[in-house]
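Participant: Provided herewith is a single structure, encoded as structure tokens, for subsequent inquiry.
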2 protein chains.
Amino acid sequence: FDADAADAARDRQAELTKPPGSLGRLEDLAVALAGLTGDPRPTLADPAVVVAAADHGVVDRGVSAYPQRVTRAMLRNFATGGAAVSAIAEVVGADTLVVDAGVAGPPVEIDGAGDGTADEATDGTAGVGAIEVVDERIGSGTDDIATGPAMSRSEAVAALSAGVRTARTRLADAGIVALGEMGIGNTTIAAALTAALTGADPDRVTGPGTGVDEETRAHKVAVVERALAANGLDGGSGSDGDEAADAVEVLRRVGGYEVGLLAGVALGCAADRTPVVVDGAVSGAAALVADAVAGDVRPYLLPSHSGAEPGHAVQLDALDLEPLFDHDLRLGEGSGAALALSTYRAACRSHDRMATFAEAGIER
Amino acid sequence: FDADAADAARDRQAELTKPPGSLGRLEDLAVALAGLTGDPRPTLADPAVVVAAADHGVVDRGVSAYPQRVTRAMLRNFATGGAAVSAIAEVVGADTLVVDAGVAGPPVEIDGAGDGTADEATDGTAGVGAIEVVDERIGSGTDDIATGPAMSRSEAVAALSAGVRTARTRLADAGIVALGEMGIGNTTIAAALTAALTGADPDRVTGPGTGVDEETRAHKVAVVERALAANGLDGGSGSDGDEAADAVEVLRRVGGYEVGLLAGVALGCAADRTPVVVDGAVSGAAALVADAVAGDVRPYLLPSHSGAEPGHAVQLDALDLEPLFDHDLRLGEGSGAALALSTYRAACRSHDRMATFAEAGIER
């Protein structure tokens with residue numbers, strides 16, 4: 001955190017043509033972003049949304065309202081700009097990077113995508129919205145966490161590394177990155193990770209996800225409890241101490257490829273002083289993993305909404321993030337984080353572009 | 001309200017590639033906007049921010065932290081794109097229409113503005129941000145409401161008419177309009193209007209405005225009370241009954257030119273089925289006036305933030321508006337309403353652009 005840049009930003013805020021403090025939280029965000037980026041007038045140019053997709057063996061336990069093949073279909077949907085996050089990214093003027101982190105089955109072939117073709121906003125008033133699709137497959141879906149670890153140690157490390165590499169190459173020019181994901185079954189994974197990393201009770205952090213009924217949710221809680229027990233993460237006498245405290249090991253045991261990749265993106269972005277915006281409960285689980293791997297990533301994790309999934313509030317509390325809005329979102333994909341980009345950009349744009357009292361010839 | 005269009009939008013929402021209800025309030029907004037506009041897939045193309053500026057005789061009472069000449073200086077600042085709302089409009093891809101509704105002194109001459117020159121976003125990722133400046137001067141500042149009416153009946157009618165005309169000509173192509181304003185002293189005007197139109201106690205609806213201290217705020221309350229009494233709007237025996245119930249008469253007595261003009265914009269937009277987004281307490285006072293003049297404008301009044309000025313909550317409650325966010329804004333100018341445009345556009349863009357399950361080849 002660059003205190004000098006933050007101080008310079010605070011001084012500038014006092015000179016801009018508005019009553020002091022009248023832009024409320026936007027002023028605080030501009031000052032914080034100045035400190036984070038080291039730029040007294042951060043622009044957050046070229047914002048991006050990264051959407052990582054992967055599959056999860058735990059879907060065999062009947063934890064989702066949708067079959068596993070929907071992950072693959074949605075990856076195509078992201079690639080062709082037909083998803084909610086595609087539309088929202090366009091409105092906020094962000095590019096989208098779609099990452100296959102390990103969808104079940106063979107690599108997804110997408111005609112015409114992956115070449116960075118811009119999908120221009122037809123009304124010309126907002127958004128460039130280029131979409132790029134990349135293959136960073138760690139495997140072909142994880143194993144069932146209810147019976148053992150999701151992946152091998154080398155896969156967990158590879159997922160994190162792929163995320164760091166993605167951040168430092170394909171996202172290197174992004175001024176701010178929204179974290180999105182897709183993977184049938186991944187709210188169960190997120191609940192297990194959140195319980196393991198925060199110590200919260202599984203019942204408190206397990207929600208309806210894409211929309212299962214209360215009976216199925218109760219079943220999800222049981223699956224999460226079983227997964228924690230099967231992986232020595234239930235915090236009781238069966239837990240294996242120090243090793244379980246290693247966040248990479250927690251990721252290996254009850255995580256997912258897309259979660260690991262997003263945690264890596266957060267780590268890589270933070271290393272490059274690029275803020276990342278946390279979306280819902282799955283993105284939040286990735287943020288918890290990144291935070292546990294390297295505590296200095298914390299300031300670079302920015303809030304968006306308060307998600308409907310109950311584990312999200314536990315995550316935001318653990319990460320000390322105050323949401324910007326609550327639209328009762330529970331989609332994931334980065335939809336809420338993408339929408340929040342307009343708030344961060346408005347904070348920085350007004351900070352950068354407003355006239356000072358002196359420039360406007362206004363005496364105070 | 002077109003129930004068929006809303007029904008069609010609701011049906012479409014159920015077909016889009018996301019779990020039902022997972023976009024939360026964005027889904028509700030898209031359905032509501034379909035009903036309001038009569039378009040099952042509303043686009044809200046060409047969004048605009050209108051910023052109306054005027055002066056107020058009540059500034060002589062010492063109710064503001066800033067001198068009256070700041071209104072004129074800020075009008076120039078809007079015209080040249082140096083204000084907070086200018087930057088936010090650019091981020092959300094909205095054009096700005098700056099209206100001189102009656103700034104004190106001669107008409108403001110602005111070099112190079114008023115020709116609709118586009119102020120392009122330099123990073124190319126968002127916003128067109130054309131700025132147009134127009135003269136709709138009703139007078140050269142209003143009279144002091146503490147001693148009598150702010151304006152003549154013909155001026156009040158002229159302000160409303162100018163707003164309706166502006167909506168139906170210069171804003172005719174806008175798919176959604178954010179209501180902004182500027183005028184030193186106008187939070188005092190807003191408090192008087194809110195008290196008169198809702199019956200709320202002056203102390204409850206009078207706040208620090210641009211940032212006066214508690215002592216000055218208490219003085220503002222006294223000025224508002226005096227204005228209501230001097231204009232027969234104090235609701236007691238001195239009030240003159242039916243005539244005071246006429247919203248145009250309330251506007252004439254304790255209103256302002258920019259408030260009347262914005263109320264007219266709301267009326268004109270509603271007549272053209274164009275939704276308008278309410279900003280802070282002054283914009284909210286204009287919404288109250290419009291609502292009192294013609295109740296069928298109500299559905300077209302959309303919320304943005306919950307403002308820091310206490311009268312704003314009273315206004316939102318009276319108009320049955322649920323804010324989208326709370327960033328502790330207290331600037332006015334349309335800054336919060338402009339920021340909210342990204343939420344409304346995200347709701348409609350996702351509704352319009354997302355693939356259906358059938359289009360994406362996903363079985364449910």
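Quick note on naming: the chains in the structure tokens go A, B, ... in the order shown, residues restart at 1 in each chain, and ligands are numbered from 1 in order of appearance.
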Between chain A and chain B, at 8 Å or less, what are the per-residue closest atom pairs and their distances in Å? Count only C-alpha atoms, order by chain and rising residue number, and return it as a Markdown table.

Facilitator:
| residue | atom | partner | partner_atom | distance |
| --- | --- | --- | --- | --- |
| A:Thr17 | CA | B:Ala83 | CA | 6.6 |
| A:Lys18 | CA | B:Leu331 | CA | 7.0 |
| A:Pro19 | CA | B:Thr210 | CA | 5.6 |
| A:Pro20 | CA | B:Gly211 | CA | 7.8 |
| A:Ser22 | CA | B:Arg330 | CA | 4.8 |
| A:Leu23 | CA | B:Leu329 | CA | 4.9 |
| A:Gly24 | CA | B:Asp328 | CA | 4.6 |
| A:Arg25 | CA | B:His327 | CA | 5.0 |
| A:Leu26 | CA | B:His327 | CA | 7.0 |
| A:Ala45 | CA | B:Asp123 | CA | 6.9 |
| A:Asp46 | CA | B:Thr125 | CA | 6.9 |
| A:Tyr66 | CA | B:Arg364 | CA | 7.4 |
| A:Val70 | CA | B:Ile362 | CA | 6.7 |
| A:Ala73 | CA | B:Ile362 | CA | 6.5 |
| A:Met74 | CA | B:Ala360 | CA | 7.9 |
| A:Asn77 | CA | B:Ala360 | CA | 6.5 |
| A:Gly81 | CA | B:Met354 | CA | 7.6 |
| A:Gly82 | CA | B:Met354 | CA | 4.5 |
| A:Ala83 | CA | B:Met354 | CA | 5.2 |
| A:Ala84 | CA | B:Ser350 | CA | 5.2 |
| A:Val85 | CA | B:Ser350 | CA | 7.8 |
| A:Ser86 | CA | B:Ser350 | CA | 7.8 |
| A:Ala87 | CA | B:Ser350 | CA | 4.9 |
| A:Ile88 | CA | B:Ala346 | CA | 5.2 |
| A:Val91 | CA | B:Ala346 | CA | 6.0 |
| A:Val92 | CA | B:Val92 | CA | 6.9 |
| A:Gly93 | CA | B:Thr125 | CA | 5.1 |
| A:Ala94 | CA | B:Thr125 | CA | 7.2 |
| A:Asp123 | CA | B:Ala45 | CA | 6.9 |
| A:Gly124 | CA | B:Val128 | CA | 7.9 |
| A:Thr125 | CA | B:Gly93 | CA | 5.1 |
| A:Ala126 | CA | B:Ala126 | CA | 4.8 |
| A:Gly127 | CA | B:Ala126 | CA | 5.3 |
| A:Val128 | CA | B:Thr125 | CA | 5.6 |
| A:Thr210 | CA | B:Pro19 | CA | 5.7 |
| A:Gly211 | CA | B:Pro19 | CA | 6.8 |
| A:Leu324 | CA | B:Phe325 | CA | 6.9 |
| A:Phe325 | CA | B:Phe325 | CA | 5.2 |
| A:Asp326 | CA | B:Phe325 | CA | 7.4 |
| A:His327 | CA | B:Arg25 | CA | 5.0 |
| A:Asp328 | CA | B:Gly24 | CA | 4.6 |
| A:Leu329 | CA | B:Gly24 | CA | 4.8 |
| A:Arg330 | CA | B:Ser22 | CA | 4.8 |
| A:Leu331 | CA | B:Ser22 | CA | 4.8 |
| A:Leu339 | CA | B:Thr343 | CA | 7.1 |
| A:Ser342 | CA | B:Ser342 | CA | 6.9 |
| A:Thr343 | CA | B:Leu339 | CA | 7.1 |
| A:Arg345 | CA | B:Val91 | CA | 6.8 |
| A:Ala346 | CA | B:Ile88 | CA | 5.2 |
| A:Arg349 | CA | B:Ala87 | CA | 5.6 |
| A:Ser350 | CA | B:Ala87 | CA | 4.9 |
| A:Arg353 | CA | B:Ala87 | CA | 6.3 |
| A:Met354 | CA | B:Gly82 | CA | 4.5 |
| A:Ala355 | CA | B:Gly82 | CA | 4.7 |
| A:Ala360 | CA | B:Asn77 | CA | 6.4 |
| A:Gly361 | CA | B:Ala73 | CA | 7.4 |
| A:Ile362 | CA | B:Ala73 | CA | 6.5 |
| A:Arg364 | CA | B:Tyr66 | CA | 7.4 |

Participant: Based on the backbone DSSP call, show me all residues of range 187-279 of chain B assigned alpha helix (DSSP H), as number ranges by chain.

Facilitator: B: 187-198, 202-205, 214-230, 242-245, 247-254, 257-271

Participant: Check which residues of range 80-170 of chain B sit at most 8 Å from range 261-272 of chain B using only C-alpha atoms, and return one row each with the closest pair of atoms and their distance in Å to one decimal, ordered by chain and rising number, as a tab-separated table.

Facilitator:
residue	atom	partner	partner_atom	distance
B:Ala101	CA	B:Leu261	CA	7.1
B:Ala159	CA	B:Leu261	CA	4.7
B:Leu160	CA	B:Gly264	CA	4.2
B:Ser161	CA	B:Gly264	CA	6.1
B:Ala162	CA	B:Leu261	CA	6.0
B:Gly163	CA	B:Gly264	CA	3.9
B:Val164	CA	B:Gly268	CA	4.2
B:Arg165	CA	B:Gly268	CA	7.0
B:Thr166	CA	B:Val265	CA	6.5
B:Ala167	CA	B:Val265	CA	5.0
B:Arg168	CA	B:Gly268	CA	6.0

Participant: Can those selected residues be exported to a file as a PDB file, in the first residue's frame so that it contains all heavy atoms?

Facilitator:
ATOM      1  N   ALA B 101     -31.776  27.056 -15.867  1.00  0.00           N
ATOM      2  CA  ALA B 101     -33.202  27.268 -15.605  1.00  0.00           C
ATOM      3  C   ALA B 101     -33.459  28.617 -14.939  1.00  0.00           C
ATOM      4  O   ALA B 101     -34.612  29.001 -14.734  1.00  0.00           O
ATOM      5  CB  ALA B 101     -33.754  26.144 -14.726  1.00  0.00           C
ATOM      6  N   ALA B 159     -41.808  27.028 -15.697  1.00  0.00           N
ATOM      7  CA  ALA B 159     -40.743  26.086 -15.333  1.00  0.00           C
ATOM      8  C   ALA B 159     -41.181  24.652 -15.651  1.00  0.00           C
ATOM      9  O   ALA B 159     -40.433  23.881 -16.257  1.00  0.00           O
ATOM     10  CB  ALA B 159     -40.390  26.221 -13.853  1.00  0.00           C
ATOM     11  N   LEU B 160     -42.403  24.336 -15.243  1.00  0.00           N
ATOM     12  CA  LEU B 160     -42.917  22.989 -15.546  1.00  0.00           C
ATOM     13  C   LEU B 160     -43.002  22.766 -17.059  1.00  0.00           C
ATOM     14  O   LEU B 160     -42.606  21.708 -17.570  1.00  0.00           O
ATOM     15  CB  LEU B 160     -44.307  22.814 -14.917  1.00  0.00           C
ATOM     16  CG  LEU B 160     -44.337  22.677 -13.380  1.00  0.00           C
ATOM     17  CD1 LEU B 160     -45.759  22.876 -12.856  1.00  0.00           C
ATOM     18  CD2 LEU B 160     -43.798  21.314 -12.949  1.00  0.00           C
ATOM     19  N   SER B 161     -43.502  23.758 -17.757  1.00  0.00           N
ATOM     20  CA  SER B 161     -43.650  23.637 -19.222  1.00  0.00           C
ATOM     21  C   SER B 161     -42.307  23.471 -19.914  1.00  0.00           C
ATOM     22  O   SER B 161     -42.174  22.687 -20.856  1.00  0.00           O
ATOM     23  CB  SER B 161     -44.347  24.873 -19.789  1.00  0.00           C
ATOM     24  OG  SER B 161     -45.606  25.033 -19.192  1.00  0.00           O
ATOM     25  N   ALA B 162     -41.321  24.233 -19.429  1.00  0.00           N
ATOM     26  CA  ALA B 162     -39.981  24.115 -20.024  1.00  0.00           C
ATOM     27  C   ALA B 162     -39.443  22.707 -19.834  1.00  0.00           C
ATOM     28  O   ALA B 162     -38.785  22.152 -20.726  1.00  0.00           O
ATOM     29  CB  ALA B 162     -39.040  25.135 -19.391  1.00  0.00           C
ATOM     30  N   GLY B 163     -39.731  22.121 -18.680  1.00  0.00           N
ATOM     31  CA  GLY B 163     -39.289  20.753 -18.421  1.00  0.00           C
ATOM     32  C   GLY B 163     -39.977  19.754 -19.332  1.00  0.00           C
ATOM     33  O   GLY B 163     -39.339  18.862 -19.900  1.00  0.00           O
ATOM     34  N   VAL B 164     -41.290  19.899 -19.470  1.00  0.00           N
ATOM     35  CA  VAL B 164     -42.035  18.998 -20.358  1.00  0.00           C
ATOM     36  C   VAL B 164     -41.511  19.128 -21.788  1.00  0.00           C
ATOM     37  O   VAL B 164     -41.250  18.119 -22.469  1.00  0.00           O
ATOM     38  CB  VAL B 164     -43.555  19.301 -20.307  1.00  0.00           C
ATOM     39  CG1 VAL B 164     -44.293  18.501 -21.374  1.00  0.00           C
ATOM     40  CG2 VAL B 164     -44.114  19.011 -18.915  1.00  0.00           C
ATOM     41  N   ARG B 165     -41.301  20.355 -22.218  1.00  0.00           N
ATOM     42  CA  ARG B 165     -40.807  20.593 -23.581  1.00  0.00           C
ATOM     43  C   ARG B 165     -39.412  19.995 -23.765  1.00  0.00           C
ATOM     44  O   ARG B 165     -39.120  19.361 -24.781  1.00  0.00           O
ATOM     45  CB  ARG B 165     -40.780  22.102 -23.854  1.00  0.00           C
ATOM     46  CG  ARG B 165     -40.441  22.473 -25.274  1.00  0.00           C
ATOM     47  CD  ARG B 165     -40.589  23.972 -25.511  1.00  0.00           C
ATOM     48  NE  ARG B 165     -39.703  24.759 -24.685  1.00  0.00           N
ATOM     49  CZ  ARG B 165     -40.077  25.581 -23.718  1.00  0.00           C
ATOM     50  NH1 ARG B 165     -41.363  25.750 -23.436  1.00  0.00           N
ATOM     51  NH2 ARG B 165     -39.189  26.274 -23.028  1.00  0.00           N
ATOM     52  N   THR B 166     -38.560  20.183 -22.759  1.00  0.00           N
ATOM     53  CA  THR B 166     -37.206  19.615 -22.819  1.00  0.00           C
ATOM     54  C   THR B 166     -37.269  18.094 -22.948  1.00  0.00           C
ATOM     55  O   THR B 166     -36.552  17.499 -23.767  1.00  0.00           O
ATOM     56  CB  THR B 166     -36.413  20.005 -21.547  1.00  0.00           C
ATOM     57  OG1 THR B 166     -36.300  21.433 -21.511  1.00  0.00           O
ATOM     58  CG2 THR B 166     -35.031  19.373 -21.543  1.00  0.00           C
ATOM     59  N   ALA B 167     -38.142  17.483 -22.153  1.00  0.00           N
ATOM     60  CA  ALA B 167     -38.278  16.020 -22.215  1.00  0.00           C
ATOM     61  C   ALA B 167     -38.712  15.567 -23.595  1.00  0.00           C
ATOM     62  O   ALA B 167     -38.198  14.582 -24.138  1.00  0.00           O
ATOM     63  CB  ALA B 167     -39.284  15.551 -21.164  1.00  0.00           C
ATOM     64  N   ARG B 168     -39.656  16.297 -24.176  1.00  0.00           N
ATOM     65  CA  ARG B 168     -40.268  15.832 -25.419  1.00  0.00           C
ATOM     66  C   ARG B 168     -39.519  16.268 -26.671  1.00  0.00           C
ATOM     67  O   ARG B 168     -39.889  15.880 -27.782  1.00  0.00           O
ATOM     68  CB  ARG B 168     -41.726  16.269 -25.461  1.00  0.00           C
ATOM     69  CG  ARG B 168     -42.437  15.869 -24.160  1.00  0.00           C
ATOM     70  CD  ARG B 168     -43.916  15.861 -24.275  1.00  0.00           C
ATOM     71  NE  ARG B 168     -44.361  14.632 -24.917  1.00  0.00           N
ATOM     72  CZ  ARG B 168     -45.626  14.192 -24.874  1.00  0.00           C
ATOM     73  NH1 ARG B 168     -46.554  14.875 -24.226  1.00  0.00           N
ATOM     74  NH2 ARG B 168     -45.948  13.070 -25.478  1.00  0.00           N
TER      75      ARG B 168
END
